[in-house]
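Next up, upload_31.cif (mmCIF, C-alpha atoms; chains and numbers go by the auth columns):
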data_work
#
loop_
_atom_site.group_PDB
_atom_site.id
_atom_site.type_symbol
_atom_site.label_atom_id
_atom_site.label_comp_id
_atom_site.label_asym_id
_atom_site.label_seq_id
_atom_site.Cartn_x
_atom_site.Cartn_y
_atom_site.Cartn_z
_atom_site.B_iso_or_equiv
_atom_site.auth_seq_id
_atom_site.auth_asym_id
ATOM 1 C CA MET A 1 87.301 -33.475 -17.709 0.00 1 R
ATOM 2 C CA THR A 2 89.407 -36.230 -19.252 0.00 2 R
ATOM 3 C CA GLU A 3 88.606 -38.224 -22.378 0.00 3 R
ATOM 4 C CA ALA A 4 87.829 -41.295 -20.272 0.00 4 R
ATOM 5 C CA GLN A 5 85.299 -39.415 -18.179 0.00 5 R
ATOM 6 C CA VAL A 6 83.520 -38.203 -21.274 0.00 6 R
ATOM 7 C CA GLY A 7 83.262 -41.816 -22.376 0.00 7 R
ATOM 8 C CA ARG A 8 80.432 -42.755 -24.692 0.00 8 R
ATOM 9 C CA SER A 9 78.479 -40.014 -26.314 0.00 9 R
ATOM 10 C CA PRO A 10 74.948 -39.824 -24.925 0.00 10 R
ATOM 11 C CA PHE A 11 73.646 -39.948 -28.483 0.00 11 R
ATOM 12 C CA ASP A 12 74.613 -43.175 -30.127 0.00 12 R
ATOM 13 C CA PRO A 13 72.023 -43.912 -32.808 0.00 13 R
ATOM 14 C CA VAL A 14 73.433 -47.318 -33.736 0.00 14 R
ATOM 15 C CA ARG A 15 73.393 -48.473 -30.152 0.00 15 R
ATOM 16 C CA ASP A 16 69.898 -47.032 -29.667 0.00 16 R
ATOM 17 C CA VAL A 17 68.568 -49.037 -32.597 0.00 17 R
ATOM 18 C CA ALA A 18 69.962 -52.266 -31.144 0.00 18 R
ATOM 19 C CA PHE A 19 68.621 -51.384 -27.719 0.00 19 R
ATOM 20 C CA LYS A 20 65.174 -50.555 -29.020 0.00 20 R
ATOM 21 C CA LYS A 21 65.001 -53.730 -31.081 0.00 21 R
ATOM 22 C CA GLU A 22 65.657 -55.856 -28.024 0.00 22 R
ATOM 23 C CA LEU A 23 63.360 -53.795 -25.808 0.00 23 R
ATOM 24 C CA VAL A 24 60.474 -54.292 -28.240 0.00 24 R
ATOM 25 C CA THR A 25 60.864 -58.076 -28.067 0.00 25 R
ATOM 26 C CA LEU A 26 60.517 -57.854 -24.290 0.00 26 R
ATOM 27 C CA ILE A 27 57.216 -55.930 -24.263 0.00 27 R
ATOM 28 C CA PRO A 28 55.022 -59.085 -24.227 0.00 28 R
ATOM 29 C CA HIS A 29 56.984 -60.424 -21.243 0.00 29 R
ATOM 30 C CA LEU A 30 56.778 -57.123 -19.381 0.00 30 R
ATOM 31 C CA ARG A 31 53.008 -57.110 -19.931 0.00 31 R
ATOM 32 C CA ALA A 32 52.710 -60.642 -18.569 0.00 32 R
ATOM 33 C CA PHE A 33 54.806 -59.909 -15.498 0.00 33 R
ATOM 34 C CA ALA A 34 52.883 -56.685 -14.853 0.00 34 R
ATOM 35 C CA ARG A 35 49.602 -58.595 -15.135 0.00 35 R
ATOM 36 C CA THR A 36 50.684 -61.007 -12.416 0.00 36 R
ATOM 37 C CA LEU A 37 51.743 -58.147 -10.144 0.00 37 R
ATOM 38 C CA THR A 38 48.657 -55.964 -10.540 0.00 38 R
ATOM 39 C CA GLY A 39 46.054 -58.594 -11.366 0.00 39 R
ATOM 40 C CA ASP A 40 44.348 -56.001 -13.542 0.00 40 R
ATOM 41 C CA PRO A 41 44.961 -55.810 -17.331 0.00 41 R
ATOM 42 C CA THR A 42 44.587 -52.016 -17.629 0.00 42 R
ATOM 43 C CA ALA A 43 46.759 -51.198 -14.633 0.00 43 R
ATOM 44 C CA ALA A 44 49.231 -53.799 -15.886 0.00 44 R
ATOM 45 C CA ASP A 45 49.614 -52.147 -19.287 0.00 45 R
ATOM 46 C CA ASP A 46 50.123 -48.748 -17.650 0.00 46 R
ATOM 47 C CA LEU A 47 52.809 -50.274 -15.482 0.00 47 R
ATOM 48 C CA ALA A 48 54.449 -52.058 -18.415 0.00 48 R
ATOM 49 C CA GLN A 49 54.482 -48.810 -20.442 0.00 49 R
ATOM 50 C CA ASP A 50 56.050 -46.891 -17.579 0.00 50 R
ATOM 51 C CA ALA A 51 58.692 -49.564 -17.160 0.00 51 R
ATOM 52 C CA MET A 52 59.399 -49.603 -20.879 0.00 52 R
ATOM 53 C CA MET A 53 59.927 -45.812 -20.879 0.00 53 R
ATOM 54 C CA LYS A 54 62.099 -45.944 -17.786 0.00 54 R
ATOM 55 C CA ALA A 55 64.237 -48.576 -19.482 0.00 55 R
ATOM 56 C CA TRP A 56 64.463 -46.432 -22.619 0.00 56 R
ATOM 57 C CA ASP A 57 65.462 -43.343 -20.627 0.00 57 R
ATOM 58 C CA ALA A 58 68.088 -45.347 -18.737 0.00 58 R
ATOM 59 C CA ARG A 59 69.432 -47.075 -21.855 0.00 59 R
ATOM 60 C CA ALA A 60 72.852 -45.442 -21.551 0.00 60 R
ATOM 61 C CA SER A 61 73.381 -47.251 -18.243 0.00 61 R
ATOM 62 C CA PHE A 62 72.533 -50.643 -19.712 0.00 62 R
ATOM 63 C CA GLN A 63 75.389 -52.774 -20.919 0.00 63 R
ATOM 64 C CA LEU A 64 74.414 -54.314 -24.248 0.00 64 R
ATOM 65 C CA GLY A 65 74.882 -58.062 -24.312 0.00 65 R
ATOM 66 C CA THR A 66 73.915 -58.534 -20.660 0.00 66 R
ATOM 67 C CA ASN A 67 70.505 -59.789 -19.580 0.00 67 R
ATOM 68 C CA MET A 68 68.061 -57.116 -20.684 0.00 68 R
ATOM 69 C CA LYS A 69 65.044 -59.172 -19.702 0.00 69 R
ATOM 70 C CA ALA A 70 66.153 -59.360 -16.069 0.00 70 R
ATOM 71 C CA TRP A 71 67.095 -55.671 -16.140 0.00 71 R
ATOM 72 C CA THR A 72 63.693 -54.546 -17.459 0.00 72 R
ATOM 73 C CA PHE A 73 61.848 -56.850 -15.047 0.00 73 R
ATOM 74 C CA MET A 74 63.765 -55.254 -12.202 0.00 74 R
ATOM 75 C CA ILE A 75 62.753 -51.779 -13.413 0.00 75 R
ATOM 76 C CA LEU A 76 59.124 -52.862 -13.694 0.00 76 R
ATOM 77 C CA ARG A 77 59.120 -54.404 -10.253 0.00 77 R
ATOM 78 C CA ASN A 78 60.690 -51.316 -8.649 0.00 78 R
ATOM 79 C CA GLN A 79 58.159 -49.128 -10.407 0.00 79 R
ATOM 80 C CA PHE A 80 55.308 -51.299 -9.133 0.00 80 R
ATOM 81 C CA TYR A 81 56.414 -51.188 -5.516 0.00 81 R
ATOM 82 C CA SER A 82 57.230 -47.478 -5.492 0.00 82 R
ATOM 83 C CA GLU A 83 53.764 -46.722 -6.880 0.00 83 R
ATOM 84 C CA LYS A 84 52.248 -49.045 -4.355 0.00 84 R
ATOM 85 C CA ARG A 85 53.993 -47.267 -1.510 0.00 85 R
ATOM 86 C CA ARG A 86 52.628 -43.980 -2.766 0.00 86 R
ATOM 87 C CA SER A 87 49.090 -45.235 -2.845 0.00 87 R
ATOM 88 C CA TRP A 88 47.375 -45.715 0.478 0.00 88 R
ATOM 89 C CA ARG A 89 44.415 -47.187 -1.239 0.00 89 R
ATOM 90 C CA GLN A 90 46.362 -49.940 -2.932 0.00 90 R
ATOM 91 C CA SER A 91 45.214 -52.778 -0.690 0.00 91 R
ATOM 92 C CA GLN A 92 41.679 -51.627 -1.275 0.00 92 R
ATOM 93 C CA LEU A 93 42.284 -51.691 -5.038 0.00 93 R
ATOM 94 C CA ASP A 94 43.770 -55.166 -4.833 0.00 94 R
ATOM 95 C CA GLN A 95 40.654 -56.321 -3.091 0.00 95 R
ATOM 96 C CA GLU A 96 38.445 -54.747 -5.755 0.00 96 R
ATOM 97 C CA ALA A 97 40.464 -56.324 -8.541 0.00 97 R
ATOM 98 C CA ALA A 98 40.183 -59.709 -6.853 0.00 98 R
ATOM 99 C CA GLU A 99 36.437 -59.297 -6.544 0.00 99 R
ATOM 100 C CA ARG A 100 36.123 -58.340 -10.188 0.00 100 R
ATOM 101 C CA THR A 101 38.057 -61.469 -11.129 0.00 101 R
ATOM 102 C CA LEU A 102 35.803 -63.470 -8.882 0.00 102 R
ATOM 103 C CA VAL A 103 32.727 -62.131 -10.643 0.00 103 R
ATOM 104 C CA ALA A 104 34.267 -62.927 -14.017 0.00 104 R
ATOM 105 C CA VAL A 105 34.850 -66.492 -12.860 0.00 105 R
ATOM 106 C CA ASP A 106 31.129 -66.907 -12.212 0.00 106 R
ATOM 107 C CA ASP A 107 30.753 -67.330 -15.961 0.00 107 R
ATOM 108 C CA PRO A 108 30.038 -71.073 -16.253 0.00 108 R
ATOM 109 C CA GLU A 109 31.820 -71.173 -19.617 0.00 109 R
ATOM 110 C CA ALA A 110 35.067 -69.818 -18.190 0.00 110 R
ATOM 111 C CA PRO A 111 37.977 -72.261 -18.282 0.00 111 R
ATOM 112 C CA VAL A 112 37.912 -73.533 -14.731 0.00 112 R
ATOM 113 C CA ALA A 113 41.458 -74.456 -13.883 0.00 113 R
ATOM 114 C CA LEU A 114 43.191 -71.300 -15.051 0.00 114 R
ATOM 115 C CA ASP A 115 40.941 -68.896 -13.206 0.00 115 R
ATOM 116 C CA GLU A 116 41.167 -70.885 -10.042 0.00 116 R
ATOM 117 C CA LEU A 117 44.915 -70.839 -10.308 0.00 117 R
ATOM 118 C CA ARG A 118 44.761 -67.068 -10.759 0.00 118 R
ATOM 119 C CA LEU A 119 42.571 -66.659 -7.697 0.00 119 R
ATOM 120 C CA SER A 120 44.773 -68.911 -5.628 0.00 120 R
ATOM 121 C CA LEU A 121 47.868 -67.005 -6.741 0.00 121 R
ATOM 122 C CA ALA A 122 46.212 -63.790 -5.616 0.00 122 R
ATOM 123 C CA MET A 123 45.980 -65.221 -2.108 0.00 123 R
ATOM 124 C CA LEU A 124 49.728 -65.721 -1.773 0.00 124 R
ATOM 125 C CA PRO A 125 51.902 -63.083 -0.086 0.00 125 R
ATOM 126 C CA PRO A 126 53.259 -60.826 -2.866 0.00 126 R
ATOM 127 C CA GLU A 127 56.906 -61.763 -2.365 0.00 127 R
ATOM 128 C CA GLN A 128 56.068 -65.454 -2.704 0.00 128 R
ATOM 129 C CA ARG A 129 53.889 -64.824 -5.727 0.00 129 R
ATOM 130 C CA GLU A 130 56.520 -62.844 -7.625 0.00 130 R
ATOM 131 C CA ALA A 131 59.262 -65.374 -6.839 0.00 131 R
ATOM 132 C CA LEU A 132 57.118 -68.234 -8.105 0.00 132 R
ATOM 133 C CA ILE A 133 56.120 -66.334 -11.246 0.00 133 R
ATOM 134 C CA LEU A 134 59.689 -65.361 -12.110 0.00 134 R
ATOM 135 C CA VAL A 135 61.087 -68.858 -11.636 0.00 135 R
ATOM 136 C CA GLY A 136 58.063 -70.985 -12.480 0.00 136 R
ATOM 137 C CA ALA A 137 56.671 -69.051 -15.428 0.00 137 R
ATOM 138 C CA GLY A 138 59.123 -66.350 -16.478 0.00 138 R
ATOM 139 C CA GLY A 139 61.964 -68.776 -17.076 0.00 139 R
ATOM 140 C CA PHE A 140 64.450 -67.064 -14.763 0.00 140 R
ATOM 141 C CA ALA A 141 67.145 -68.892 -12.827 0.00 141 R
ATOM 142 C CA TYR A 142 67.063 -68.481 -9.044 0.00 142 R
ATOM 143 C CA GLU A 143 70.105 -66.194 -9.310 0.00 143 R
ATOM 144 C CA GLU A 144 68.392 -63.927 -11.830 0.00 144 R
ATOM 145 C CA ALA A 145 65.185 -63.826 -9.794 0.00 145 R
ATOM 146 C CA ALA A 146 67.231 -62.871 -6.739 0.00 146 R
ATOM 147 C CA GLU A 147 68.779 -59.998 -8.668 0.00 147 R
ATOM 148 C CA ILE A 148 65.383 -58.815 -9.875 0.00 148 R
ATOM 149 C CA CYS A 149 63.890 -58.904 -6.386 0.00 149 R
ATOM 150 C CA GLY A 150 66.996 -57.516 -4.701 0.00 150 R
ATOM 151 C CA CYS A 151 67.348 -60.396 -2.250 0.00 151 R
ATOM 152 C CA ALA A 152 69.531 -63.430 -1.601 0.00 152 R
ATOM 153 C CA VAL A 153 69.334 -66.544 -3.772 0.00 153 R
ATOM 154 C CA GLY A 154 68.421 -68.636 -0.722 0.00 154 R
ATOM 155 C CA THR A 155 65.536 -66.285 0.003 0.00 155 R
ATOM 156 C CA VAL A 156 64.164 -66.758 -3.502 0.00 156 R
ATOM 157 C CA LYS A 157 64.478 -70.524 -3.205 0.00 157 R
ATOM 158 C CA SER A 158 62.586 -70.619 0.050 0.00 158 R
ATOM 159 C CA ARG A 159 59.911 -68.217 -1.240 0.00 159 R
ATOM 160 C CA VAL A 160 59.378 -70.358 -4.341 0.00 160 R
ATOM 161 C CA SER A 161 59.108 -73.538 -2.338 0.00 161 R
ATOM 162 C CA ARG A 162 56.724 -71.991 0.188 0.00 162 R
ATOM 163 C CA ALA A 163 54.662 -70.562 -2.664 0.00 163 R
ATOM 164 C CA ARG A 164 54.419 -73.959 -4.356 0.00 164 R
ATOM 165 C CA ARG A 165 53.256 -75.656 -1.181 0.00 165 R
ATOM 166 C CA ALA A 166 50.793 -72.904 -0.322 0.00 166 R
ATOM 167 C CA LEU A 167 49.347 -72.870 -3.827 0.00 167 R
ATOM 168 C CA GLN A 168 48.792 -76.593 -3.781 0.00 168 R
ATOM 169 C CA ALA A 169 47.169 -76.396 -0.351 0.00 169 R
ATOM 170 C CA ILE A 170 44.854 -73.588 -1.437 0.00 170 R
ATOM 171 C CA LEU A 171 43.836 -75.431 -4.595 0.00 171 R
ATOM 172 C CA GLU A 172 43.247 -78.686 -2.753 0.00 172 R
ATOM 173 C CA ALA A 173 41.243 -77.037 -0.022 0.00 173 R
ATOM 174 C CA GLY A 174 39.180 -75.076 -2.507 0.00 174 R
ATOM 175 C CA ALA A 175 39.839 -72.129 -0.234 0.00 175 R
ATOM 176 C CA TYR A 176 39.222 -69.613 -3.008 0.00 176 R
ATOM 177 C CA ASP A 177 35.518 -70.527 -2.545 0.00 177 R
ATOM 178 C CA ARG A 178 34.303 -70.483 -6.123 0.00 178 R
ATOM 179 C CA ASP A 179 30.682 -71.461 -5.656 0.00 179 R
ATOM 180 C CA GLY A 180 30.689 -73.703 -2.647 0.00 180 R
ATOM 181 C CA GLY A 181 31.582 -76.567 -4.976 0.00 181 R
ATOM 182 C CA ALA A 182 33.299 -79.691 -3.782 0.00 182 R
ATOM 183 C CA ALA A 183 36.684 -79.111 -2.232 0.00 183 R
ATOM 184 C CA GLY A 184 39.571 -80.381 -4.297 0.00 184 R
ATOM 185 C CA ASP A 185 37.841 -79.797 -7.609 0.00 185 R
ATOM 186 C CA ALA A 186 40.328 -77.160 -8.652 0.00 186 R
ATOM 187 C CA MET A 187 43.287 -79.432 -8.166 0.00 187 R
ATOM 188 C CA TYR A 188 41.602 -82.162 -10.205 0.00 188 R
ATOM 189 C CA ALA A 189 40.778 -79.696 -12.954 0.00 189 R
ATOM 190 C CA ILE A 190 44.398 -78.582 -13.029 0.00 190 R
ATOM 191 C CA LEU A 191 45.692 -82.141 -13.088 0.00 191 R
ATOM 192 C CA ALA A 192 43.359 -83.056 -15.919 0.00 192 R
ATOM 193 C CA ASP A 193 44.199 -79.938 -17.863 0.00 193 R
ATOM 194 C CA ALA A 194 47.934 -80.352 -17.433 0.00 194 R
ATOM 195 C CA GLU A 195 47.645 -83.921 -18.665 0.00 195 R
ATOM 196 C CA ARG A 196 45.709 -82.794 -21.710 0.00 196 R
ATOM 197 C CA LEU A 197 48.312 -80.103 -22.435 0.00 197 R
ATOM 198 C CA SER A 198 51.240 -82.475 -22.074 0.00 198 R
ATOM 199 C CA THR A 199 49.716 -84.959 -24.493 0.00 199 R
ATOM 200 C CA LEU A 200 49.407 -82.143 -27.035 0.00 200 R
ATOM 201 C CA ARG A 201 53.156 -81.633 -26.988 0.00 201 R
ATOM 202 C CA MET B 1 57.132 -102.286 3.797 0.00 1 P
ATOM 203 C CA GLU B 2 53.542 -101.378 3.013 0.00 2 P
ATOM 204 C CA ASP B 3 54.005 -97.962 4.627 0.00 3 P
ATOM 205 C CA HIS B 4 57.118 -97.449 2.590 0.00 4 P
ATOM 206 C CA ARG B 5 55.270 -98.050 -0.654 0.00 5 P
ATOM 207 C CA LYS B 6 52.461 -95.761 0.373 0.00 6 P
ATOM 208 C CA GLY B 7 54.964 -93.048 1.185 0.00 7 P
ATOM 209 C CA ALA B 8 56.575 -93.371 -2.214 0.00 8 P
ATOM 210 C CA ALA B 9 53.204 -93.227 -3.951 0.00 9 P
ATOM 211 C CA ALA B 10 52.246 -90.113 -2.004 0.00 10 P
ATOM 212 C CA LEU B 11 55.532 -88.520 -3.004 0.00 11 P
ATOM 213 C CA ASP B 12 54.860 -89.314 -6.662 0.00 12 P
ATOM 214 C CA GLU B 13 51.382 -87.873 -6.345 0.00 13 P
ATOM 215 C CA ALA B 14 52.718 -84.675 -4.779 0.00 14 P
ATOM 216 C CA ARG B 15 55.307 -84.355 -7.532 0.00 15 P
ATOM 217 C CA LEU B 16 52.625 -84.851 -10.155 0.00 16 P
ATOM 218 C CA ARG B 17 50.499 -82.124 -8.617 0.00 17 P
ATOM 219 C CA GLN B 18 53.403 -79.705 -8.484 0.00 18 P
ATOM 220 C CA GLN B 19 54.201 -80.440 -12.117 0.00 19 P
ATOM 221 C CA ALA B 20 50.606 -79.789 -13.061 0.00 20 P
ATOM 222 C CA ILE B 21 50.624 -76.468 -11.238 0.00 21 P
ATOM 223 C CA GLY B 22 53.862 -75.577 -13.024 0.00 22 P
ATOM 224 C CA VAL B 23 52.347 -76.324 -16.411 0.00 23 P
ATOM 225 C CA LYS B 24 49.330 -74.155 -15.635 0.00 24 P
ATOM 226 C CA LEU B 25 51.473 -71.311 -14.318 0.00 25 P
ATOM 227 C CA ARG B 26 53.462 -71.209 -17.522 0.00 26 P
ATOM 228 C CA GLN B 27 50.269 -71.424 -19.553 0.00 27 P
ATOM 229 C CA MET B 28 48.799 -68.483 -17.657 0.00 28 P
ATOM 230 C CA PHE B 29 51.914 -66.387 -18.220 0.00 29 P
ATOM 231 C CA ASP B 30 52.350 -67.390 -21.863 0.00 30 P
ATOM 232 C CA GLU B 31 48.746 -66.551 -22.580 0.00 31 P
ATOM 233 C CA VAL B 32 49.561 -62.886 -21.945 0.00 32 P
ATOM 234 C CA VAL B 33 52.957 -63.106 -23.669 0.00 33 P
ATOM 235 C CA ASN B 34 51.186 -64.368 -26.794 0.00 34 P
ATOM 236 C CA GLU B 35 48.621 -61.567 -26.844 0.00 35 P
ATOM 237 C CA PRO B 36 49.236 -58.993 -29.576 0.00 36 P
ATOM 238 C CA VAL B 37 51.007 -55.938 -28.128 0.00 37 P
ATOM 239 C CA PRO B 38 48.703 -52.889 -28.076 0.00 38 P
ATOM 240 C CA ASP B 39 49.822 -50.210 -30.591 0.00 39 P
ATOM 241 C CA GLU B 40 50.178 -47.740 -27.741 0.00 40 P
ATOM 242 C CA PHE B 41 53.452 -49.316 -26.658 0.00 41 P
ATOM 243 C CA LEU B 42 55.196 -48.789 -29.970 0.00 42 P
ATOM 244 C CA ASP B 43 53.644 -45.337 -30.391 0.00 43 P
ATOM 245 C CA ILE B 44 55.055 -44.172 -27.075 0.00 44 P
ATOM 246 C CA LEU B 45 58.464 -45.578 -27.870 0.00 45 P
ATOM 247 C CA ARG B 46 58.471 -43.963 -31.300 0.00 46 P
ATOM 248 C CA LYS B 47 57.639 -40.561 -29.801 0.00 47 P
ATOM 249 C CA ALA B 48 60.385 -40.901 -27.216 0.00 48 P
ATOM 250 C CA GLU B 49 62.894 -41.751 -29.891 0.00 49 P
ATOM 251 C CA LYS B 50 62.581 -38.415 -31.650 0.00 50 P
ATOM 252 C CA PRO B 51 65.427 -36.450 -30.043 0.00 51 P
ATOM 253 C CA SER B 52 64.112 -32.963 -30.845 0.00 52 P
ATOM 254 C CA GLY B 53 60.405 -33.749 -30.952 0.00 53 P
ATOM 255 C CA GLU B 54 58.249 -31.818 -28.494 0.00 54 P
ATOM 256 C CA ARG B 55 56.880 -34.061 -25.799 0.00 55 P
#
Now, as a test, write the supplied structure out as structure tokens.
Amino acid sequence: MTEAQVGRSPFDPVRDVAFKKELVTLIPHLRAFARTLTGDPTAADDLAQDAMMKAWDARASFQLGTNMKAWTFMILRNQFYSEKRRSWRQSQLDQEAAERTLVAVDDPEAPVALDELRLSLAMLPPEQREALILVGAGGFAYEEAAEICGCAVGTVKSRVSRARRALQAILEAGAYDRDGGAAGDAMYAILADAERLSTLR
Amino acid sequence: MEDHRKGAAALDEARLRQQAIGVKLRQMFDEVVNEPVPDEFLDILRKAEKPSGER
């Protein structure tokens, strides 16, 4: 074996400290992304912890200074889909999680717009949902989202735009069926809420 | 002319709705980002860091 092949020592404490420091700052974002994928806080934290450990174990293959957020999101996403493939009951679980959310929304005090957005998001095809979350909420560029999802940039763009249109249609139709309330209420609640938020800024 | 104006207004309305959805999406995501991280996360990482610790 040549010197070059030996390369970096597997134990590099200084590098590990820098890696860990950055990884820790990403934990809240990993939790949020996991929550949107699983729809269930407990399952989401399990997923985020697994992804965090996978990232730690693979730290030698990460090039410091490149986009660690995109790299860890990719690990988390891969972990999610490989677990999902393993579990035949997953679609069943998704359904149960959605129903639990639905029950929680029955609370008249619950903030209306956010929960309805959550329910409507849950109705989107998963690949549209993740594309929209990454670009629309996670702050990723289309190129980064494409890398995370392992698809072409054009694919991400079209998924995001289809997701946006579908989400709006669902909200306007009231298709999530909250309590048989007037159709279109959710969209109005979201408009009003967004206006309130933007005046706070 | 009238149709033209109506079309433009509808476009504005659609844009407004998409913006509102965007604001809410970010709010939903940030709500979780801003939650305190459960201690478990740092505990697990700390344990993994110990090179000779038994796991």
Do you have, as a Markdown table, the list of residues of chain P lying at most 6 Å from chain R, each with its nearest atom pair and that distance in Å to one decimal, counting only C-alpha atoms and ordered by chain then number?
| residue | atom | partner | partner_atom | distance |
| --- | --- | --- | --- | --- |
| P:Ala20 | CA | R:Ala194 | CA | 5.2 |
| P:Leu25 | CA | R:Ala137 | CA | 5.8 |
| P:Arg26 | CA | R:Ala137 | CA | 4.4 |
| P:Phe29 | CA | R:Ala32 | CA | 5.8 |
| P:Val32 | CA | R:Ala32 | CA | 5.1 |
| P:Val33 | CA | R:Pro28 | CA | 4.6 |
Atom pair CA of Ile170 in chain R + CA of Ser120 in chain R, distance 6.3 Å
- Query: Neighbours of Phe80 in chain R within 9 Å (only C-alpha atoms; same-chain residues fewer than 6 positions away dropped), as a count of residues only?
  - Reply: 5
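You will find CA of Ala48 in chain P at 14.7 Å from CA of Asp12 in chain R.
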